[in-house]
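*Asks:* My questions all concern the structure below.
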Amino acid sequence: MKWEIKTEDIHTSFRDEVEELSGESFGACYQCGKCSAGCPIAFAMDHGPTKIMRFCQLGMEDEVINSDTPWLCASCQACTTRCPREIDIAEVMDALRIIAKRRGIKPRTDPDIALFAEIFLSNLRWFGRIYELGLVGEFNLLSGRFFKDFGKAPAMFLKRKLALLPSNPFKWGKVREIFKKCEKMKEGEGRE
Amino acid sequence: MARIGVFVCWCGSNIAGTVDVKKVAEEVSKLPYVVYSTDYKYMCSDPGQNMIKEAIKEHRLTGVVVSACSPRMHEVTFRRTVQEEGVNPYMMEMANIREHCSWVHDDMEEATEKAIELVRMAVAKAVELEPMEKIEVPVTKRALVIGGGIAGIQAALDIADGGVEVILVEKSPSIGGKMSQLDETFPTLDCSQCILTPKMVDAAQHPNIKIYSYAELEELDGFIGNFQARIRQKARSVDMELCNGCGDCWNKCPQKKIPSEFEAGMSDRAAIYVPFPQAIPNTPVIDRENCIYFQSGKCGVCAKICPTGAISYDQSDEFITEEVGAVVVATGYDLFNTDVIGEYGYGEIPDVISGLQFERLSSASGPTEGKIVRPSDGKKPEEVAFICCVGSRDDKYGRPYCSRICCMYTAKHAILLHHKSHGSQAYVFYIDVRAGGKGYEEFLRRATEEEGAIYMRGRVSRLYRDNGKVVVKGADTLSGAQIELHCDMVVLANGITASPGAEELARKLSISYDEYGFYSEAHPKLRPVETNTAGIYLAGCCQAPKDIPDSVSQASAAASKVLALFSGDFLTREPNIAEVNPFTCTGCFTCREVCPYDAIDEEEVTVHIDGKKVTRTIARVNLGKCQGCGICCAVCRSNAINLKGTKDLQIFRQIKAFTGSEKEKSDEPVGSKK
Ligand SMILES: Cc1cc2nc3c(=O)[nH]c(=O)nc-3n(C[C@H](O)[C@H](O)[C@H](O)COP(=O)(O)OP(=O)(O)OC[C@H]3O[C@@H](n4cnc5c(N)ncnc54)[C@H](O)[C@@H]3O)c2cc1C
Ligand code: SF4
Ligand code: SF4
Ligand code: SF4
Ligand code: SF4
């Protein structure tokens, strides 16, 4: 963790970059701590969401980018719903993941978190909605943890939490179209 | 022969739940002089009061003891009750068997016994009570306001609008106070001068207001409704009648290197000067300490140049005595002297300035015409740090209190910087931000959200110069980082201290002040604008740090107190004050030494001893000033001074009723006039 901040550190474009990407303004955060208080993943994070907001306010890029917090964030939006300043913190976390990806930075504790995010998106793109079996299969294959959570499968089948086949194939194309459209829009905006 | 009636109240179950009220009534009926006693659920209710009235009629009562709650609660009620039936109101005595008994005990038997004792004592005193009349003192319906800042101006205007003449005494050459030095004001950012100047003009033109500027209170004599204020009009060295304010003198005065108080030292003024262009009055004064003529006898330029011959070097201080009935003290505040904080380098590092200096830099009427520039080289400051709580909340400098306005004026400064110096970045170092007023939190949010100020949670440890910059060594406890900023300018939000000379003025007025020199209000919640000295009120920062809205509110509150005081031709006061026995007073005046209210006057009495006329000087209690504290009674060696309503005899009877033997207790009081 950086121990000293100098004038020039504050004047990097990092704060602006995150503000633009997330559409949120860091000046609004008054560091009340409510986001960290309610975050279900905070126990596993190196810095709670409140501190990530503070780092962003002060343009502390290294701390933010090298933190696992944005990767661990489950996008549950507990923070966003409860923030008294109506900041969409989950959106900030999203933006931070995008920036990290742009810079080729992988989560420190577990690089597979990034992998999971990729597979999740491509799974969605292909099947229109999440095809859990495919997701698990691909993730286990690519992460090299072939039998991860294998034992849980039978119970999940029985409880009908895992389907054998993906959803209605005739609707797949529509979601793909949405993805394409988004990509085009982002190209125009310079987002990815 | 005294005929006493005792009325024991249940106060619902408040008393009756713990005290056997029937037994109390029965027991006390056996006491000497008690001719009637009874109990009732609520003595203060209409039926309860009627019982008292009926009993007075039926039993020809001369005194009444109500055994109920605290006299603070209902003394006035029951005094009125007996008065309505033709008994002198001061012939009513209360025994507090609620707060002093039922509320603090559980055991019924013991509580009942104690209640009986309390009533027994009250009866013993009631036998010795004497009828008293309220005191009436005539009032002079004129008010003195000391200090012509916004608080003093507002108080003067409100009192004057109420049809009362006001004498406004201001120490400096112009009225206006600190507010005249401010740029825009939080939380609405209206221009300070624009809202203040009309009020200054109103005050100057009001037919009921007389302003003494460049004047000070020399002495205050008298008491509520009847004060004599001796005012020292300092020599202006300029004739106010002749001067037309043309300004030739201060333009031509060769002595121009005196740091201007109004500009907080950011520019200079001449030896003859008006503090600022909108000054009221717009007549200059000669600062004799810096005037060449007064120091060396040479020069005299202003006298030569003045087209109306208004310069008058041989003017001297004048003394005027004004009769007033009430005083409003509104002497404002001063700013903490930041020189003493060595690590901040104020006074050594030119680009470390005070909050007031920033106001002047930012003000369109200031030395830079509102351009925010660094004092060292006149360049635009790109990075500006603001440090909160400088000399506030700091035990090291003997100021543990919060100055209340600096958080807000710092937020304002960050906003003004953003408005007037485009692209400059404000950093605010704070401990926590206090923004409790109406619209204040929103104002603060505006600074961080819309105006881009970056707040750092931590006190700055040190400022030093490096390469033309001021290095700020701070911390941000929220991120846990140590901060090192290279700034172009640093603004210290120096805290508020009592105004210079506050303690000396307090002594002249006989009012009290706290350990920091702020004047004490009579009660922090319920009497916030009164002092402990009757007829003297407080307004603005002289009482405690406050902002303009609060200063103005307090000023209007003080004005309403003054107008209420003047609503009748006489003041009525409770008669429980000290009284001198002219036959036993030896004239030693020990009482005068100890009286905190200066209420002991001298009186000449002529007595005949052995056929010879002897004139003696003895003490006399001033009816207007005495507050009935009783200190004099305790020190009088000849027992000549006594507090009416709690005279020695009355107290001793009570003590005896409590401590005496059974026989003594039931004996008829010995030596009593009854
Ligand atoms: C940098 C700074 C910025 C501020 N900005 C704001 C703002 O934006 N908004 C806001 O609401 N408040 C602001 N304030 C606070 C504001 O200045 C005060 O609330 C206000 O001036 C208090 O008025 P006052 O009349 O009590 O005192 P003062 O303004 O101090 O007036 C007292 C007057 O009494 C006179 N006097 C003193 N002693 C004597 C004596 N013995 N005899 C006769 N006369 C005497 C003085 O000369 C003076 O004229 C700011 C203060 C500072 C320091
Ligand atoms: S809940 Fe909102 S305001 Fe509070 S710390 Fe988190 S982001 Fe900041
Ligand atoms: S959205 Fe992310 S940061 Fe916010 S509460 Fe959920 S897991 Fe925590
Ligand atoms: S006499 Fe004094 S005030 Fe007048 S011009 Fe000379 S120095 Fe200035
Ligand atoms: S108002 Fe703010 S800056 Fe001023 S002393 Fe209080 S906390 Fe400190």
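Chain lettering (A, B, ...) mirrors the order of the structure tokens, residue numbering begins at 1 for each chain separately, and ligand numbering begins at 1 in order of display.
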Mind the document's chain letters and residue numbers, and return as a ChimeraX atom specification the residues of region 433-622 of chain B that DSSP labels helix (DSSP H, G or I).

*Replies:* /B:440-449,502-509,540-542,548-565,590-594

*Asks:* Please give me, as an MDAnalysis selection string, the residues lying within 12 Å of ligand 5 when counting only C-alpha atoms and all ligand atoms.

*Replies:* chainID B and resid 335:336 355 386:394 399:411 428:437 440 444 457:459 491:497 545:547

*Asks:* Keeping only C-alpha atoms, write the selected residues as a compact mmCIF listing (two decimals), in the first residue's frame.

*Replies:*
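Below is the file that was written, again.txt:
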```txt
# COMPACT_ATOMS: atom_id res chain seq x y z
CA LEU B 335 -9.00 35.83 15.53
CA PHE B 336 -6.57 33.37 17.01
CA GLY B 355 -8.81 33.03 6.55
CA PHE B 386 -6.87 24.99 3.56
CA ILE B 387 -6.23 23.91 7.13
CA CYS B 388 -9.15 23.71 9.55
CA CYS B 389 -9.18 24.04 13.33
CA VAL B 390 -6.08 26.22 13.55
CA GLY B 391 -6.03 27.27 17.20
CA SER B 392 -9.37 25.57 17.84
CA ARG B 393 -10.03 22.19 19.43
CA ASP B 394 -6.46 22.38 20.59
CA ARG B 399 -8.59 26.39 23.21
CA PRO B 400 -10.43 23.12 23.46
CA TYR B 401 -13.59 24.62 21.98
CA CYS B 402 -14.75 24.54 18.37
CA SER B 403 -14.90 27.93 16.69
CA ARG B 404 -18.03 26.92 14.81
CA ILE B 405 -17.58 29.06 11.72
CA CYS B 406 -14.28 27.93 10.23
CA CYS B 407 -15.53 24.66 8.71
CA MET B 408 -18.11 26.62 6.83
CA TYR B 409 -15.91 29.52 5.81
CA THR B 410 -13.31 27.05 4.61
CA ALA B 411 -15.90 25.30 2.43
CA VAL B 428 -9.11 20.91 2.76
CA PHE B 429 -7.50 19.29 5.80
CA TYR B 430 -10.06 18.71 8.55
CA ILE B 431 -10.68 16.68 11.70
CA ASP B 432 -14.38 16.46 11.13
CA VAL B 433 -16.61 18.90 9.36
CA ARG B 434 -19.20 20.74 11.36
CA ALA B 435 -22.00 21.92 9.17
CA GLY B 436 -25.03 22.04 11.42
CA GLY B 437 -26.86 25.13 10.19
CA TYR B 440 -24.90 24.12 5.55
CA LEU B 444 -20.46 21.61 2.03
CA ARG B 457 -9.17 13.82 6.96
CA GLY B 458 -6.25 14.78 9.09
CA ARG B 459 -4.51 17.65 10.77
CA VAL B 491 -4.91 29.27 4.11
CA LEU B 492 -5.19 28.80 7.86
CA ALA B 493 -8.72 28.71 9.21
CA ASN B 494 -7.82 30.42 12.43
CA GLY B 495 -10.28 30.05 15.22
CA ILE B 496 -12.22 32.63 17.14
CA THR B 497 -11.09 34.16 20.40
CA PRO B 545 -18.33 31.95 18.39
CA LYS B 546 -21.19 32.12 15.94
CA ASP B 547 -21.97 32.94 12.35
```

*Asks:* Need to verify the contact set: Tyr346 (chain B), 12 Å, only C-alpha atoms, exclusion of same-chain residues closer than 5 positions in sequence. Can you return it as an NGL selection string?

*Replies:* :B and (336-341 or 351-355 or 357 or 390 or 462-465 or 470 or 489-494)

*Asks:* Can you spit out the residues from that selection as an mmCIF file, in the first residue's frame, using C-alpha atoms?

*Replies:*
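Heads up, here's the output in out12.cif:
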```cif
data_model
loop_
_atom_site.group_PDB
_atom_site.id
_atom_site.type_symbol
_atom_site.label_atom_id
_atom_site.label_comp_id
_atom_site.auth_asym_id
_atom_site.auth_seq_id
_atom_site.Cartn_x
_atom_site.Cartn_y
_atom_site.Cartn_z
ATOM 1 C CA PHE B 336 -6.569 33.365 17.010
ATOM 2 C CA ASN B 337 -3.018 34.552 16.593
ATOM 3 C CA THR B 338 -1.455 31.887 14.391
ATOM 4 C CA ASP B 339 2.089 33.194 14.881
ATOM 5 C CA VAL B 340 2.350 31.020 17.943
ATOM 6 C CA ILE B 341 2.047 27.784 15.946
ATOM 7 C CA ASP B 351 2.133 32.344 1.067
ATOM 8 C CA VAL B 352 0.699 31.064 4.312
ATOM 9 C CA ILE B 353 -2.217 33.384 5.015
ATOM 10 C CA SER B 354 -5.165 33.614 7.392
ATOM 11 C CA GLY B 355 -8.805 33.028 6.554
ATOM 12 C CA GLN B 357 -6.696 37.523 4.493
ATOM 13 C CA VAL B 390 -6.076 26.222 13.551
ATOM 14 C CA ARG B 462 4.046 21.011 9.296
ATOM 15 C CA LEU B 463 4.374 23.611 6.545
ATOM 16 C CA TYR B 464 7.680 24.615 5.013
ATOM 17 C CA ARG B 465 9.028 26.395 1.997
ATOM 18 C CA VAL B 470 4.725 25.540 0.446
ATOM 19 C CA MET B 489 -0.674 28.939 -1.080
ATOM 20 C CA VAL B 490 -1.959 27.729 2.284
ATOM 21 C CA VAL B 491 -4.905 29.266 4.111
ATOM 22 C CA LEU B 492 -5.188 28.797 7.858
ATOM 23 C CA ALA B 493 -8.720 28.713 9.210
ATOM 24 C CA ASN B 494 -7.821 30.425 12.425
#
```

*Asks:* Give me the residues near Glu20 (chain A) as a list in words, where near means some atom within 12 Å (using only C-alpha atoms) and where sequence neighbours in that chain fewer than 4 positions away do not count.

*Replies:*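 The residues that qualify are Ser13, Phe14, Arg15, Asp16, Glu24, Ser25, Phe26, Glu91, Val92, Ala95, Leu96, Ile99, Glu189, Gly190 and Arg191 of chain A.
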
*Asks:* What lies within 12 Å of Pro84 (chain A) using only C-alpha atoms, ignoring chain neighbours under 3 positions off, as a list in words?

*Replies:*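 What passes the distance filter is Ala28, Cys29, Tyr30, Gln31, Cys32, Gly33, Lys34, Cys35, Cys79, Thr80, Thr81, Ile87, Asp88 and Ile89 of chain A.
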
*Asks:* May I have the residues of chain A within 9 Å of chain B, counting only C-alpha atoms, written as a list in words?

*Replies:*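 Putting it all together, I get Met1, Lys2, Trp3, Glu4, Ile5, Lys6, Thr7, Glu8, Ser25, Phe26, Gly27, Ala28, Cys29, Tyr30, Gln31, Lys51, Ile52, Arg54, Phe55, Gln57 and Leu58 of chain A.
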